[in-house]
Amino acid sequence: MWLPFIEQVLGINLSEPEEGPATRVDTVTSVMLLGGSDVDRRQFLAASAAVGLAALEMPDAEAVLRRANRSGPLAVGKGEVAAIRTMTATLGDAASELGGGHARHLAVRYLTVDVARWLDGRYSEATGRELFAATSELVHLIGWMARDEGHQGLSQRYHVHSYRLAAEAGENELAATALRGLAEQALDLGHIPTAVRLAEACERRGRKLGNPKALAYYRNTYARAAAADGDHATAARLLTESQTAIERAPARPGQSWASHYSHGRWAHDSGMIHARLGDLGAAAEHLRLALDTHGLDRKRTRAIVLADLGHVQLKRGDTETALATWQEFLDCAEGVRSVRIDDGLSNVAARLSCLPGTSAAAQLRERIAARA
C-alpha cells in the first residue's frame, strides 16, 4: 500500500481518526472525519527525504469498486456529479475574488452533508470514478482555502486526501494538481527538499497528459522548486518548457482545475521564478505582462501580482514607481481575506521602514496602519 509512505513523507497520520481506536478507514471516511472536525494543525510536517515519492504511484485500485454497486435508497448519477463540480466552481470563483477566508465553512459543510450522502449512495463503477474525481476537486479547493487562511497543517491534510481520491479515481491530472498544492505549500514554508520531490512527482505525472496548460502549470511549479534549491540550470530549462506549453494552450479556460491556469497566472509565476534566478528585468517584464496584457481580473490575484511587482521595481532602484504600484496594491486588496495579502502588507511595511521619508511613503504607511 502507498498510504504508509505518504504518511512518512509528510509526517501525518491518515490511517485512523484523530481520537479513538486505531481502525483503518478508507479515503472517503477519512476525509469526512477531517471535514467534520476541521481542526487547525498549522505546521507542515516534512519528514526525512529518505522515503521515495515513487510510492505515490500506487493508488488503492479497489477503493471505488468497494463503494460501487451497493444497495441503498439513494441513487446517484451524472446530475449529482455535475452539482459538485458546479458548486466547486462557484465557491472557487468567490475565493479567487475575495480570498480563501470567505466561505470555506460553506464548502466544508457541502462536503460533509451533501457530498457525503452521495458517496454513501448507490452508483455504478463509472459514476463512482466521476464522483471520486469531483470530490477530489472540492477537497482540493477546501485545502487551498485553508492555506489561504493560514491554516497550513489543515490545508496539507485536505491536499493529501484530494490526491488519494484522484489517484483512486484514476485521474492523473487531479492527482498531479494535488501534489502541486503540497509542493507549493512546502516551498512557501521553507521545506525545500520535500518541495522539490513533490514538484518532481507532480511534473512526472503531468507528462502523461495532453493538456498544455497542465504541463505549463506543473513545470513552473517544478521550476520554482528547483530555483529555491539553487538548481538554476534545471529551473531555466523548465521555464523554457513551460513557456512552450503555454504558447500552445488555448486562452479559454477548460473544465479542469489545471485548465484554468491562465496565461496571466503563467506570466506571474514565471516572473517570480526569474526574480529568484536574479533576472529582475525579465521578472518585471513578466509581471507587467500578467497585469497589462492578460488583465488578471480577480481582485486577490491582481493584488498579489502588484505587491510582487513593487518589490521587483524597488530592487531595480525605481523607488517612485514601486510606491505607486503599492498604492494600487492597497486599492485592489480592499475586502480580500487572504494570508497572501496579509504577507504582502507586512512585506511592504518592512520595505517602507528602510526608505526615505517621502510623502508617498508616508501615505502608504498610514494606509497600512489603518488596516491593522
# chains A, B, ... in the order shown; residues from 1 in each chain; ligands from 1

call {"tool": "select_by_dssp", "arguments": {"residues": "segment 184-227 of chain A", "states": "alpha helix (DSSP H)", "output": "number ranges by chain"}}
result
A: 184-188, 192-206, 212-227

call {"tool": "residues_around", "arguments": {"residues": "Glu203 of chain A", "least_positions_apart": "3", "cutoff": "7 Å", "atoms": "only C-alpha atoms", "output": "PyMOL selection string"}}
result
chain A and resi 199-200+206-207+218-219+222

call {"tool": "residues_around", "arguments": {"residues": "Glu130 of chain A", "least_positions_apart": "2", "cutoff": "12 Å", "atoms": "only C-alpha atoms", "output": "PyMOL selection string"}}
result
chain A and resi 64+68+76-85+118-119+123-128+132-137+165-171+174

call {"tool": "residues_around", "arguments": {"residues": "Leu280 of chain A", "least_positions_apart": "4", "cutoff": "10 Å", "atoms": "only C-alpha atoms", "output": "count of residues only"}}
result
13

call {"tool": "closest_residue", "arguments": {"among": "A:Arg204, A:His105, A:His311, A:Arg300", "to": "Asp342 of chain A", "atoms": "only C-alpha atoms"}}
result
A:Arg300

call {"tool": "residues_around", "arguments": {"residues": "segment 356-371 of chain A", "least_positions_apart": "4", "cutoff": "9 Å", "atoms": "only C-alpha atoms", "output": "list of chain:residue names"}}
result
A:Glu320, A:Leu323, A:Ala324, A:Trp326, A:Gln327, A:Leu330, A:Leu345, A:Ser346, A:Val348, A:Ala349, A:Leu352

call {"tool": "write_last_selection", "arguments": {"atoms": "C-alpha atoms", "output": "PDB file, in the first residue's frame"}}
result
ATOM      1  CA  GLU A 320       8.946  56.071  -7.031  1.00  0.00           C
ATOM      2  CA  LEU A 323       5.492  53.188  -4.248  1.00  0.00           C
ATOM      3  CA  ALA A 324       2.864  53.919  -6.908  1.00  0.00           C
ATOM      4  CA  TRP A 326       1.982  49.511  -3.894  1.00  0.00           C
ATOM      5  CA  GLN A 327      -0.716  52.173  -3.714  1.00  0.00           C
ATOM      6  CA  LEU A 330      -3.685  48.519  -1.449  1.00  0.00           C
ATOM      7  CA  LEU A 345       1.171  44.135   3.534  1.00  0.00           C
ATOM      8  CA  SER A 346       3.799  43.065   6.071  1.00  0.00           C
ATOM      9  CA  VAL A 348       5.621  46.327   2.032  1.00  0.00           C
ATOM     10  CA  ALA A 349       5.628  47.815   5.541  1.00  0.00           C
ATOM     11  CA  LEU A 352       8.928  51.239   3.777  1.00  0.00           C
TER      12      LEU A 352
END

call {"tool": "closest_residue", "arguments": {"among": "A:Leu239, A:Ala223, A:Ala333, A:Leu111", "to": "Arg197 of chain A", "atoms": "only C-alpha atoms"}}
result
A:Ala223

call {"tool": "residues_around", "arguments": {"residues": "Glu184 of chain A", "least_positions_apart": "4", "cutoff": "7 Å", "atoms": "only C-alpha atoms", "output": "VMD selection string"}}
result
chain A and resid 180 188 195

call {"tool": "residues_around", "arguments": {"residues": "segment 303-308 of chain A", "least_positions_apart": "4", "cutoff": "7 Å", "atoms": "only C-alpha atoms", "output": "ChimeraX atom specification"}}
result
/A:268,287,299,312,325-326,329,332-333,341,344

call {"tool": "decode", "arguments": {"residues": "segment 297-330 of chain A", "atoms": "N, CA, C and O atoms", "output": "tab-separated table (two decimals), in the first residue's frame"}}
result
chain	number	residue	atom	x	y	z
A	297	ASP	N	-8.29	39.62	-13.71
A	297	ASP	CA	-9.39	40.43	-13.21
A	297	ASP	C	-9.83	40.06	-11.79
A	297	ASP	O	-10.64	40.76	-11.20
A	298	ARG	N	-9.31	38.99	-11.21
A	298	ARG	CA	-9.63	38.66	-9.83
A	298	ARG	C	-8.90	39.61	-8.88
A	298	ARG	O	-7.69	39.81	-9.01
A	299	LYS	N	-9.63	40.17	-7.91
A	299	LYS	CA	-9.02	41.15	-7.01
A	299	LYS	C	-7.84	40.56	-6.26
A	299	LYS	O	-6.77	41.18	-6.16
A	300	ARG	N	-8.03	39.36	-5.70
A	300	ARG	CA	-6.96	38.77	-4.90
A	300	ARG	C	-5.71	38.54	-5.75
A	300	ARG	O	-4.60	38.91	-5.34
A	301	THR	N	-5.87	37.93	-6.92
A	301	THR	CA	-4.73	37.62	-7.77
A	301	THR	C	-4.03	38.89	-8.23
A	301	THR	O	-2.80	38.98	-8.19
A	302	ARG	N	-4.80	39.86	-8.66
A	302	ARG	CA	-4.20	41.11	-9.14
A	302	ARG	C	-3.42	41.82	-8.03
A	302	ARG	O	-2.34	42.35	-8.24
A	303	ALA	N	-3.99	41.80	-6.83
A	303	ALA	CA	-3.31	42.44	-5.70
A	303	ALA	C	-1.97	41.77	-5.41
A	303	ALA	O	-0.96	42.46	-5.17
A	304	ILE	N	-1.94	40.45	-5.44
A	304	ILE	CA	-0.70	39.73	-5.17
A	304	ILE	C	0.36	40.07	-6.21
A	304	ILE	O	1.54	40.29	-5.88
A	305	VAL	N	-0.03	40.14	-7.48
A	305	VAL	CA	0.93	40.48	-8.54
A	305	VAL	C	1.45	41.90	-8.35
A	305	VAL	O	2.65	42.15	-8.52
A	306	LEU	N	0.58	42.82	-7.98
A	306	LEU	CA	1.02	44.20	-7.76
A	306	LEU	C	2.02	44.29	-6.61
A	306	LEU	O	3.01	45.04	-6.69
A	307	ALA	N	1.77	43.56	-5.54
A	307	ALA	CA	2.72	43.56	-4.42
A	307	ALA	C	4.08	43.03	-4.87
A	307	ALA	O	5.13	43.62	-4.55
A	308	ASP	N	4.07	41.94	-5.64
A	308	ASP	CA	5.32	41.36	-6.14
A	308	ASP	C	6.04	42.31	-7.10
A	308	ASP	O	7.27	42.47	-7.04
A	309	LEU	N	5.28	42.94	-7.97
A	309	LEU	CA	5.89	43.86	-8.93
A	309	LEU	C	6.56	45.03	-8.22
A	309	LEU	O	7.66	45.46	-8.59
A	310	GLY	N	5.91	45.55	-7.19
A	310	GLY	CA	6.52	46.65	-6.43
A	310	GLY	C	7.86	46.26	-5.83
A	310	GLY	O	8.81	47.05	-5.84
A	311	HIS	N	7.97	45.04	-5.32
A	311	HIS	CA	9.24	44.58	-4.75
A	311	HIS	C	10.32	44.50	-5.82
A	311	HIS	O	11.48	44.88	-5.59
A	312	VAL	N	9.96	43.99	-7.02
A	312	VAL	CA	10.93	43.90	-8.11
A	312	VAL	C	11.36	45.30	-8.54
A	312	VAL	O	12.56	45.57	-8.76
A	313	GLN	N	10.42	46.23	-8.65
A	313	GLN	CA	10.76	47.61	-9.03
A	313	GLN	C	11.69	48.26	-8.01
A	313	GLN	O	12.63	48.98	-8.37
A	314	LEU	N	11.43	47.98	-6.73
A	314	LEU	CA	12.29	48.55	-5.68
A	314	LEU	C	13.70	47.99	-5.79
A	314	LEU	O	14.69	48.73	-5.66
A	315	LYS	N	13.82	46.68	-6.03
A	315	LYS	CA	15.14	46.07	-6.16
A	315	LYS	C	15.90	46.62	-7.37
A	315	LYS	O	17.13	46.67	-7.37
A	316	ARG	N	15.15	47.05	-8.38
A	316	ARG	CA	15.79	47.63	-9.57
A	316	ARG	C	16.13	49.09	-9.38
A	316	ARG	O	16.67	49.74	-10.28
A	317	GLY	N	15.82	49.66	-8.21
A	317	GLY	CA	16.16	51.04	-7.91
A	317	GLY	C	15.11	52.06	-8.30
A	317	GLY	O	15.34	53.26	-8.18
A	318	ASP	N	13.95	51.62	-8.75
A	318	ASP	CA	12.87	52.52	-9.17
A	318	ASP	C	11.88	52.69	-8.02
A	318	ASP	O	10.75	52.19	-8.06
A	319	THR	N	12.30	53.44	-7.00
A	319	THR	CA	11.52	53.57	-5.77
A	319	THR	C	10.18	54.27	-6.01
A	319	THR	O	9.14	53.84	-5.49
A	320	GLU	N	10.17	55.31	-6.80
A	320	GLU	CA	8.95	56.07	-7.03
A	320	GLU	C	7.88	55.19	-7.70
A	320	GLU	O	6.70	55.21	-7.30
A	321	THR	N	8.28	54.42	-8.69
A	321	THR	CA	7.33	53.53	-9.36
A	321	THR	C	6.84	52.44	-8.42
A	321	THR	O	5.66	52.06	-8.42
A	322	ALA	N	7.75	51.92	-7.59
A	322	ALA	CA	7.37	50.88	-6.63
A	322	ALA	C	6.31	51.41	-5.66
A	322	ALA	O	5.32	50.70	-5.36
A	323	LEU	N	6.47	52.62	-5.18
A	323	LEU	CA	5.49	53.19	-4.25
A	323	LEU	C	4.12	53.35	-4.92
A	323	LEU	O	3.08	53.08	-4.31
A	324	ALA	N	4.13	53.78	-6.18
A	324	ALA	CA	2.86	53.92	-6.91
A	324	ALA	C	2.21	52.55	-7.12
A	324	ALA	O	0.98	52.41	-7.01
A	325	THR	N	3.02	51.55	-7.41
A	325	THR	CA	2.49	50.19	-7.59
A	325	THR	C	1.87	49.68	-6.30
A	325	THR	O	0.80	49.06	-6.30
A	326	TRP	N	2.50	49.97	-5.18
A	326	TRP	CA	1.98	49.51	-3.89
A	326	TRP	C	0.70	50.24	-3.50
A	326	TRP	O	-0.15	49.67	-2.80
A	327	GLN	N	0.56	51.49	-3.94
A	327	GLN	CA	-0.72	52.17	-3.71
A	327	GLN	C	-1.84	51.43	-4.45
A	327	GLN	O	-2.94	51.23	-3.91
A	328	GLU	N	-1.55	51.02	-5.67
A	328	GLU	CA	-2.54	50.27	-6.44
A	328	GLU	C	-2.81	48.91	-5.79
A	328	GLU	O	-3.95	48.42	-5.80
A	329	PHE	N	-1.77	48.30	-5.23
A	329	PHE	CA	-1.94	47.04	-4.49
A	329	PHE	C	-2.93	47.21	-3.34
A	329	PHE	O	-3.84	46.39	-3.16
A	330	LEU	N	-2.79	48.28	-2.57
A	330	LEU	CA	-3.68	48.52	-1.45
A	330	LEU	C	-5.12	48.75	-1.93
A	330	LEU	O	-6.08	48.27	-1.30
